[in-house]
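One file, start-v4.cif, carrying mmCIF, C-alpha atoms and all ligand atoms:
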```
data_start
#
loop_
_atom_site.label_atom_id
_atom_site.label_comp_id
_atom_site.auth_asym_id
_atom_site.auth_seq_id
_atom_site.Cartn_x
_atom_site.Cartn_y
_atom_site.Cartn_z
CA MET R 17 -106.91 86.87 229.54
CA LYS R 18 -110.55 86.15 228.91
CA ASN R 19 -111.97 85.61 225.44
CA ILE R 20 -113.05 88.47 223.23
CA ILE R 21 -116.56 88.59 221.78
CA VAL R 22 -117.19 90.06 218.35
CA ALA R 23 -120.92 90.35 217.69
CA GLY R 24 -122.51 91.59 214.47
CA ASN R 25 -125.87 93.33 214.70
CA TRP R 26 -127.22 93.43 211.16
CA LYS R 27 -130.22 95.56 212.22
CA SER R 28 -132.89 95.81 209.49
CA ASN R 29 -130.55 95.23 206.56
CA VAL R 30 -129.72 92.71 203.85
CA ASN R 31 -131.98 90.55 201.65
CA PHE R 32 -132.10 86.76 202.01
CA SER R 33 -129.53 85.84 199.41
CA ASP R 34 -127.02 88.49 200.54
CA ALA R 35 -127.59 87.37 204.13
CA GLU R 36 -126.79 83.78 203.19
CA ASP R 37 -123.62 84.79 201.31
CA LEU R 38 -122.50 86.96 204.21
CA ILE R 39 -122.92 84.35 206.88
CA VAL R 40 -121.37 81.59 204.74
CA GLU R 41 -118.30 83.73 204.12
CA ILE R 42 -117.93 84.59 207.80
CA ALA R 43 -118.43 80.95 208.80
CA GLU R 44 -115.89 79.65 206.27
CA ASN R 45 -113.30 82.17 207.32
CA SER R 46 -113.81 81.47 210.99
CA GLU R 47 -113.06 77.76 210.75
CA ASP R 48 -109.35 77.85 211.50
CA ARG R 49 -109.42 80.51 214.16
CA SER R 50 -108.46 80.09 217.78
CA ASN R 51 -111.30 79.66 220.20
CA LYS R 52 -110.23 82.84 222.03
CA VAL R 53 -112.58 84.95 219.91
CA GLU R 54 -116.29 84.20 220.05
CA VAL R 55 -118.23 85.41 217.04
CA ILE R 56 -121.96 86.04 217.32
CA ILE R 57 -124.12 86.93 214.31
CA CYS R 58 -127.46 88.63 214.93
CA PRO R 59 -129.42 88.65 211.67
CA PRO R 60 -133.06 89.68 211.29
CA PHE R 61 -135.53 87.13 212.72
CA VAL R 62 -136.58 85.80 209.31
CA TYR R 63 -133.04 84.58 208.58
CA LEU R 64 -132.48 82.83 211.89
CA GLU R 65 -133.32 79.37 210.57
CA MET R 66 -130.89 79.73 207.68
CA ALA R 67 -128.27 81.13 210.06
CA THR R 68 -128.61 78.39 212.65
CA ASP R 69 -128.36 75.76 209.87
CA ILE R 70 -125.05 77.23 208.72
CA GLN R 71 -123.92 77.70 212.29
CA GLN R 72 -124.12 73.96 212.97
CA GLU R 73 -121.15 73.41 210.66
CA SER R 74 -119.19 76.30 212.15
CA ASN R 75 -117.98 77.81 215.39
CA LEU R 76 -120.28 80.81 215.21
CA PHE R 77 -123.07 81.65 217.62
CA ILE R 78 -126.39 83.07 216.49
CA GLY R 79 -128.37 85.77 218.25
CA ALA R 80 -131.72 87.46 217.71
CA GLN R 81 -132.01 91.26 217.67
CA ASN R 82 -135.01 91.33 219.96
CA ILE R 83 -137.30 89.08 222.00
CA SER R 84 -140.88 89.44 223.13
CA SER R 85 -141.55 90.53 226.68
CA HIS R 86 -144.51 88.12 226.64
CA GLU R 87 -144.87 84.37 226.78
CA ASN R 88 -146.49 82.68 223.79
CA GLY R 89 -150.07 83.77 223.12
CA ALA R 90 -152.20 86.41 221.45
CA TYR R 91 -149.43 88.90 220.66
CA THR R 92 -149.55 89.27 216.89
CA GLY R 93 -146.14 89.69 215.34
CA GLU R 94 -144.15 88.92 218.46
CA ILE R 95 -141.33 86.37 218.63
CA SER R 96 -141.17 84.63 221.99
CA GLY R 97 -138.24 83.28 223.95
CA GLU R 98 -139.57 79.77 223.57
CA MET R 99 -139.62 80.13 219.78
CA LEU R 100 -136.03 81.36 219.74
CA LYS R 101 -134.88 78.59 222.01
CA SER R 102 -136.52 75.99 219.78
CA MET R 103 -134.43 77.34 216.88
CA ASP R 104 -131.09 76.97 218.70
CA VAL R 105 -130.63 80.70 219.08
CA ASN R 106 -128.04 81.34 221.78
CA PHE R 107 -128.27 85.10 222.35
CA ALA R 108 -130.72 87.99 222.09
CA ILE R 109 -129.91 91.69 221.93
CA ILE R 110 -132.10 93.53 224.44
CA GLY R 111 -132.30 97.26 225.14
CA HIS R 112 -130.70 98.54 221.97
CA SER R 113 -131.07 102.34 221.84
CA GLU R 114 -132.98 102.05 218.55
CA ARG R 115 -135.59 99.88 220.28
CA ARG R 116 -135.73 102.26 223.21
CA LYS R 117 -136.16 105.25 220.91
CA TYR R 118 -138.34 104.06 218.01
CA PHE R 119 -140.35 101.35 219.77
CA ASN R 120 -140.72 103.01 223.17
CA GLU R 121 -139.13 100.18 225.10
CA THR R 122 -138.91 101.29 228.70
CA ASP R 123 -136.69 99.86 231.41
CA ASP R 124 -139.69 97.91 232.76
CA ILE R 125 -140.33 96.30 229.38
CA LEU R 126 -136.62 95.55 229.05
CA LEU R 127 -136.59 93.83 232.41
CA ASP R 128 -139.49 91.62 231.25
CA LYS R 129 -137.53 90.83 228.08
CA LEU R 130 -134.46 89.94 230.11
CA ASN R 131 -136.53 87.57 232.22
CA MET R 132 -138.09 85.96 229.14
CA ALA R 133 -134.68 85.37 227.60
CA LEU R 134 -133.20 83.94 230.78
CA LYS R 135 -136.19 81.70 231.39
CA ASN R 136 -135.60 80.19 227.95
CA HIS R 137 -131.81 79.86 228.38
CA ILE R 138 -131.04 82.59 225.89
CA ASN R 139 -128.13 84.82 226.88
CA PRO R 140 -129.03 88.51 226.76
CA ILE R 141 -126.69 91.02 225.15
CA PHE R 142 -127.97 94.01 227.07
CA CYS R 143 -127.28 97.48 225.66
CA ILE R 144 -126.84 100.68 227.63
CA GLY R 145 -125.67 104.07 226.49
CA GLU R 146 -126.12 107.79 226.93
CA LEU R 147 -127.33 110.44 224.48
CA LEU R 148 -125.03 113.16 223.22
CA GLU R 149 -126.75 115.83 225.30
CA GLU R 150 -126.39 113.68 228.41
CA ARG R 151 -122.64 113.37 227.83
CA GLN R 152 -122.35 117.07 227.10
CA ALA R 153 -124.13 117.80 230.37
CA ASP R 154 -121.68 115.47 232.12
CA LYS R 155 -124.52 113.13 233.08
CA HIS R 156 -123.24 110.03 231.27
CA PHE R 157 -122.15 108.11 234.38
CA GLU R 158 -125.41 108.85 236.14
CA VAL R 159 -127.45 107.74 233.09
CA ILE R 160 -125.59 104.46 232.74
CA LYS R 161 -125.89 103.73 236.46
CA GLN R 162 -129.64 104.33 236.31
CA GLN R 163 -130.06 102.14 233.23
CA LEU R 164 -128.25 99.29 235.00
CA GLU R 165 -130.11 99.73 238.28
CA ASN R 166 -133.50 99.72 236.55
CA THR R 167 -132.80 96.51 234.60
CA VAL R 168 -129.96 94.01 234.96
CA PHE R 169 -129.23 94.92 238.58
CA LYS R 170 -132.74 93.72 239.42
CA LEU R 171 -131.80 90.20 238.31
CA SER R 172 -130.49 87.56 240.66
CA LYS R 173 -126.75 86.99 240.73
CA GLU R 174 -127.24 83.63 239.00
CA ASP R 175 -129.21 85.23 236.17
CA PHE R 176 -126.84 88.17 235.83
CA GLU R 177 -123.99 85.75 235.15
CA HIS R 178 -125.62 84.97 231.78
CA VAL R 179 -125.77 88.61 230.71
CA THR R 180 -123.29 90.21 228.31
CA LEU R 181 -123.34 94.01 228.46
CA ALA R 182 -122.81 96.32 225.51
CA TYR R 183 -121.92 99.94 226.16
CA GLU R 184 -123.15 101.81 223.11
CA PRO R 185 -123.02 105.59 223.43
CA VAL R 186 -125.93 106.72 221.28
CA TRP R 187 -123.88 109.54 219.77
CA ALA R 188 -121.44 107.00 218.36
CA ILE R 189 -123.99 104.68 216.72
CA GLY R 190 -123.94 104.92 212.95
CA THR R 191 -122.30 108.34 213.08
CA GLY R 192 -118.68 107.48 212.32
CA VAL R 193 -117.78 109.19 215.61
CA THR R 194 -116.31 106.43 217.74
CA ALA R 195 -115.75 106.85 221.46
CA SER R 196 -112.04 107.31 222.02
CA LYS R 197 -110.24 104.40 223.63
CA GLU R 198 -109.97 106.50 226.80
CA GLN R 199 -113.70 107.27 226.85
CA ALA R 200 -114.56 103.61 226.27
CA GLN R 201 -112.14 102.37 228.93
CA GLU R 202 -113.33 104.95 231.45
CA MET R 203 -116.97 103.97 231.07
CA HIS R 204 -116.29 100.22 230.95
CA ALA R 205 -114.25 100.46 234.15
CA PHE R 206 -117.07 102.44 235.76
CA ILE R 207 -119.60 99.77 234.73
CA ARG R 208 -117.39 96.95 236.00
CA ASN R 209 -116.99 98.73 239.30
CA LEU R 210 -120.77 99.02 239.67
CA ILE R 211 -121.14 95.31 238.91
CA SER R 212 -118.52 94.55 241.53
CA GLU R 213 -120.37 96.61 244.15
CA LYS R 214 -123.63 94.88 243.28
CA PHE R 215 -122.63 91.26 242.61
CA GLY R 216 -119.01 90.97 243.74
CA GLU R 217 -115.62 91.12 242.14
CA VAL R 218 -115.58 87.65 240.59
CA ILE R 219 -118.80 88.22 238.67
CA ALA R 220 -117.62 91.69 237.67
CA ASP R 221 -114.35 90.30 236.31
CA GLU R 222 -116.12 87.55 234.41
CA CYS R 223 -118.77 89.81 232.88
CA PHE R 224 -118.23 90.61 229.21
CA ILE R 225 -118.64 94.32 228.49
CA LEU R 226 -118.65 95.01 224.74
CA TYR R 227 -118.23 98.38 223.10
CA GLY R 228 -120.56 99.44 220.27
CA GLY R 229 -120.75 102.57 218.14
CA SER R 230 -118.84 103.08 214.87
CA CYS R 231 -116.46 100.27 215.72
CA ASN R 232 -114.69 99.16 212.54
CA ALA R 233 -111.58 97.46 211.21
CA SER R 234 -109.41 100.52 211.83
CA ASN R 235 -110.29 101.16 215.47
CA ALA R 236 -111.18 97.66 216.75
CA TYR R 237 -107.65 96.76 217.83
CA GLU R 238 -107.14 99.80 220.01
CA LEU R 239 -110.61 99.55 221.53
CA PHE R 240 -110.33 95.81 222.26
CA SER R 241 -106.86 96.38 223.75
CA GLN R 242 -108.37 98.37 226.61
CA PRO R 243 -108.37 96.34 229.81
CA ASP R 244 -112.13 96.60 230.40
CA VAL R 245 -113.28 96.30 226.78
CA ASP R 246 -114.08 92.65 226.14
CA GLY R 247 -115.05 92.97 222.49
CA GLY R 248 -117.50 94.78 220.28
CA LEU R 249 -121.08 94.94 219.10
CA ILE R 250 -120.74 95.94 215.48
CA GLY R 251 -123.45 97.46 213.30
CA GLY R 252 -122.56 98.83 209.86
CA ALA R 253 -119.15 97.15 209.70
CA SER R 254 -120.73 93.71 210.25
CA LEU R 255 -122.54 93.93 206.90
CA LYS R 256 -119.42 93.44 204.78
CA ALA R 257 -117.66 90.13 205.25
CA ASP R 258 -114.13 91.46 204.63
CA GLU R 259 -114.56 94.34 207.11
CA PHE R 260 -116.13 92.12 209.76
CA LEU R 261 -113.41 89.48 209.31
CA LYS R 262 -110.78 92.19 209.82
CA ILE R 263 -112.44 93.09 213.11
CA ILE R 264 -112.27 89.42 214.11
CA ASP R 265 -108.56 89.47 213.11
CA ALA R 266 -108.05 92.50 215.35
CA ALA R 267 -109.65 90.61 218.24
CA GLU R 268 -107.38 87.62 217.52
CA ALA R 269 -104.36 89.91 217.56
CA VAL R 270 -105.35 91.30 220.96
CA THR R 271 -105.77 87.82 222.45
CA ALA R 272 -102.46 86.71 220.91
CA LYS R 273 -100.44 89.50 222.50
CA SER R 274 -101.39 88.62 226.07
P1 LIG A 301 -122.65 101.02 214.17
O1 LIG A 301 -121.48 100.05 214.30
O2 LIG A 301 -123.24 101.02 212.80
O3 LIG A 301 -122.31 102.36 214.70
O4 LIG A 301 -123.81 100.43 215.10
C1 LIG A 301 -123.51 100.02 216.38
C2 LIG A 301 -124.68 99.32 216.94
O5 LIG A 301 -125.72 99.94 217.15
C3 LIG A 301 -124.56 97.89 217.20
O6 LIG A 301 -125.63 97.41 217.92
#
```
What is this structure when it is put down as structure tokens?
Amino acid sequence: MKNIIVAGNWKSNVNFSDAEDLIVEIAENSEDRSNKVEVIICPPFVYLEMATDIQQESNLFIGAQNISSHENGAYTGEISGEMLKSMDVNFAIIGHSERRKYFNETDDILLDKLNMALKNHINPIFCIGELLEERQADKHFEVIKQQLENTVFKLSKEDFEHVTLAYEPVWAIGTGVTASKEQAQEMHAFIRNLISEKFGEVIADECFILYGGSCNASNAYELFSQPDVDGGLIGGASLKADEFLKIIDAAEAVTAKS
């Protein structure tokens, strides 16, 4: 069985001292774990230096929550791929539904961001997901297919191999309404099948497809036990060390049973 990835997306939360306490506690409690679960912490940009310092003594990976679609230059407020790379950041979340909705990030912009990350050897965690009304109208498969075709399916095979996908149904984000294990498995299998058609079976099998949306300590085990769910992208439940550590325990338990 392949590894499981548990990634925490802190979004725009937590002050500096709480951020430091949180990451230290996660790092300390991750020391004796098997290497079958990969833990990625994505704090706000301003804490990345602190996080990468702590990471050096641990087996965590650090990711950014965003990346500029531009190279360095006159783009006030933007954080470029080169900057992230120079800070030992390993991953960047791209295409989160909150960025699509509140910051008008279109598929074209997201493709530029993907290319900037890949050019700087940062692994994208690329998010896709349908709205509630799209699911209710039975358009969810079509929407996901389109999102993939407009973005990651425009990458070369070699670049796509560095991409981790996160299926995050928008109706499940921050709502407490998790996709059922059947809904998650059905969509993940659909996504993997599309990857197989596009890039071949080996790449499809190797691709990590995470689930995100109200994933927590009580539902992580059953979600991660699904054959096509390779881990989770966790929002609210990544902000409390004990809850997040329980999710990592659930991932460990899934890897241990196979
Ligand atoms: P919640 O876990 O808070 O629903 O958020 C999921 C998410 O958006 C992770 O990127």
Q.
Can you pull out every residue with an atom within 7 Å of ligand LIG 301 (chain A)? Use only C-alpha atoms and all ligand atoms and format it as a list in words.
A.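 Using only C-alpha atoms and all ligand atoms, everything at most 7 Å from ligand LIG 301 (chain A) comes to Asn25, His112, Glu184, Ala188, Ile189, Gly190, Thr191, Gly192, Gly228, Gly229, Ser230, Cys231, Leu249, Ile250, Gly251, Gly252 and Ala253 of chain R.
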Q: May I ask which of the residues R:Gln199, R:Thr122, R:Ser46, R:Asn31 is the closest one to R:Phe157, counting only C-alpha atoms?
A: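 Of the candidates, the smallest distance to R:Phe157 is held by R:Gln199.
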**Q.** Point-to-point distance from atom CA of R:Met99 to atom CA of R:Gln71, Å rounded to tenths
**A.** 17.6 Å
**Q.** Separation of atom CA of R:Phe224 from atom CA of R:Leu255, in Å and rounded to one decimal
**A.** 23.0 Å
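Residue nearest R:Ala236 within the list R:Met203, R:Ile21, R:Ile109, R:Asn131: R:Ile21 [criterion: smallest interatomic distance, all atoms listed in the file].
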Q: Work out how far apart atom CA of R:His86 and atom CA of R:Lys173 are and give it in Å to one decimal.
A: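 For atom CA of R:His86 relative to atom CA of R:Lys173, the distance reads 22.7 Å.
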(Q) Could you check the closest approach to R:Leu38 for each of R:Ala257, R:Ile83, R:Met103, R:Ile110 and tell me which residue wins, using only C-alpha atoms? (A) R:Ala257
**Q.** Residue neighbourhood R:Tyr227, 7 Å, all atoms listed in the file, exclusion window fewer than 3 positions, as number ranges by chain
**A.** R: 182-184, 245, 247-249
What does the file look like for those residues with C-alpha atoms, as a PDB file, in the frame of the given file?
```pdb
ATOM      1  CA  ALA R 182    -122.810  96.320 225.510  1.00  0.00           C
ATOM      2  CA  TYR R 183    -121.920  99.940 226.160  1.00  0.00           C
ATOM      3  CA  GLU R 184    -123.150 101.810 223.110  1.00  0.00           C
ATOM      4  CA  VAL R 245    -113.280  96.300 226.780  1.00  0.00           C
ATOM      5  CA  GLY R 247    -115.050  92.970 222.490  1.00  0.00           C
ATOM      6  CA  GLY R 248    -117.500  94.780 220.280  1.00  0.00           C
ATOM      7  CA  LEU R 249    -121.080  94.940 219.100  1.00  0.00           C
TER       8      LEU R 249
END
```
Starting from the sparse input, extend stretch 199-210 of chain R to all heavy atoms and give the output as a tab-separated table (two decimals), keeping the file's coordinate frame.
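Wrote part-v9.tsv, looks like this:
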```
chain	number	residue	atom	x	y	z
R	199	GLN	N	-112.29	107.15	226.43
R	199	GLN	CA	-113.70	107.27	226.85
R	199	GLN	C	-114.32	105.88	227.06
R	199	GLN	O	-115.07	105.66	228.01
R	199	GLN	CB	-114.50	108.01	225.77
R	199	GLN	CG	-114.24	109.50	225.71
R	199	GLN	CD	-114.92	110.15	224.50
R	199	GLN	OE1	-114.94	109.58	223.40
R	199	GLN	NE2	-115.46	111.33	224.69
R	200	ALA	N	-114.00	104.96	226.14
R	200	ALA	CA	-114.56	103.61	226.27
R	200	ALA	C	-114.04	102.95	227.55
R	200	ALA	O	-114.82	102.45	228.36
R	200	ALA	CB	-114.20	102.77	225.04
R	201	GLN	N	-112.73	103.00	227.74
R	201	GLN	CA	-112.14	102.37	228.93
R	201	GLN	C	-112.71	102.97	230.22
R	201	GLN	O	-113.06	102.25	231.15
R	201	GLN	CB	-110.61	102.49	228.88
R	201	GLN	CG	-109.89	102.11	230.18
R	201	GLN	CD	-110.21	100.70	230.67
R	201	GLN	OE1	-110.59	99.82	229.90
R	201	GLN	NE2	-110.11	100.49	231.98
R	202	GLU	N	-112.83	104.28	230.24
R	202	GLU	CA	-113.33	104.95	231.45
R	202	GLU	C	-114.73	104.47	231.81
R	202	GLU	O	-115.04	104.11	232.95
R	202	GLU	CB	-113.33	106.47	231.19
R	202	GLU	CG	-113.78	107.31	232.36
R	202	GLU	CD	-113.88	108.80	231.99
R	202	GLU	OE1	-114.32	109.13	230.87
R	202	GLU	OE2	-113.53	109.63	232.84
R	203	MET	N	-115.59	104.40	230.80
R	203	MET	CA	-116.97	103.97	231.07
R	203	MET	C	-117.04	102.47	231.39
R	203	MET	O	-117.78	102.06	232.29
R	203	MET	CB	-117.88	104.30	229.87
R	203	MET	CG	-119.32	103.98	230.12
R	203	MET	SD	-120.01	104.81	231.60
R	203	MET	CE	-120.58	106.35	230.89
R	204	HIS	N	-116.27	101.67	230.67
R	204	HIS	CA	-116.29	100.22	230.95
R	204	HIS	C	-115.80	99.94	232.38
R	204	HIS	O	-116.35	99.08	233.07
R	204	HIS	CB	-115.45	99.47	229.92
R	204	HIS	CG	-116.12	99.30	228.59
R	204	HIS	ND1	-116.22	98.09	227.93
R	204	HIS	CD2	-116.77	100.20	227.81
R	204	HIS	CE1	-116.88	98.26	226.79
R	204	HIS	NE2	-117.22	99.53	226.70
R	205	ALA	N	-114.77	100.65	232.79
R	205	ALA	CA	-114.25	100.46	234.15
R	205	ALA	C	-115.31	100.89	235.18
R	205	ALA	O	-115.50	100.23	236.21
R	205	ALA	CB	-112.97	101.26	234.35
R	206	PHE	N	-116.00	101.96	234.87
R	206	PHE	CA	-117.07	102.44	235.76
R	206	PHE	C	-118.17	101.36	235.89
R	206	PHE	O	-118.63	101.05	236.99
R	206	PHE	CB	-117.65	103.74	235.17
R	206	PHE	CG	-118.85	104.27	235.89
R	206	PHE	CD1	-118.73	104.92	237.12
R	206	PHE	CD2	-120.12	104.13	235.34
R	206	PHE	CE1	-119.86	105.41	237.77
R	206	PHE	CE2	-121.25	104.63	235.99
R	206	PHE	CZ	-121.12	105.26	237.21
R	207	ILE	N	-118.54	100.80	234.73
R	207	ILE	CA	-119.60	99.77	234.73
R	207	ILE	C	-119.13	98.54	235.53
R	207	ILE	O	-119.86	98.00	236.36
R	207	ILE	CB	-119.95	99.37	233.28
R	207	ILE	CG1	-120.59	100.55	232.55
R	207	ILE	CG2	-120.86	98.14	233.25
R	207	ILE	CD1	-120.69	100.38	231.03
R	208	ARG	N	-117.88	98.14	235.30
R	208	ARG	CA	-117.39	96.95	236.00
R	208	ARG	C	-117.36	97.20	237.51
R	208	ARG	O	-117.66	96.30	238.30
R	208	ARG	CB	-116.01	96.55	235.46
R	208	ARG	CG	-115.71	95.08	235.74
R	208	ARG	CD	-114.40	94.59	235.15
R	208	ARG	NE	-114.24	94.75	233.73
R	208	ARG	CZ	-114.80	93.97	232.80
R	208	ARG	NH1	-115.59	92.98	233.17
R	208	ARG	NH2	-114.57	94.17	231.52
R	209	ASN	N	-117.02	98.40	237.88
R	209	ASN	CA	-116.99	98.73	239.30
R	209	ASN	C	-118.40	98.65	239.92
R	209	ASN	O	-118.58	98.14	241.03
R	209	ASN	CB	-116.38	100.13	239.46
R	209	ASN	CG	-116.05	100.40	240.88
R	209	ASN	OD1	-115.51	99.55	241.57
R	209	ASN	ND2	-116.40	101.58	241.36
R	210	LEU	N	-119.39	99.12	239.17
R	210	LEU	CA	-120.77	99.02	239.67
R	210	LEU	C	-121.20	97.56	239.81
R	210	LEU	O	-121.88	97.18	240.76
R	210	LEU	CB	-121.74	99.74	238.71
R	210	LEU	CG	-121.63	101.26	238.62
R	210	LEU	CD1	-122.60	101.78	237.55
R	210	LEU	CD2	-121.94	101.92	239.96
```
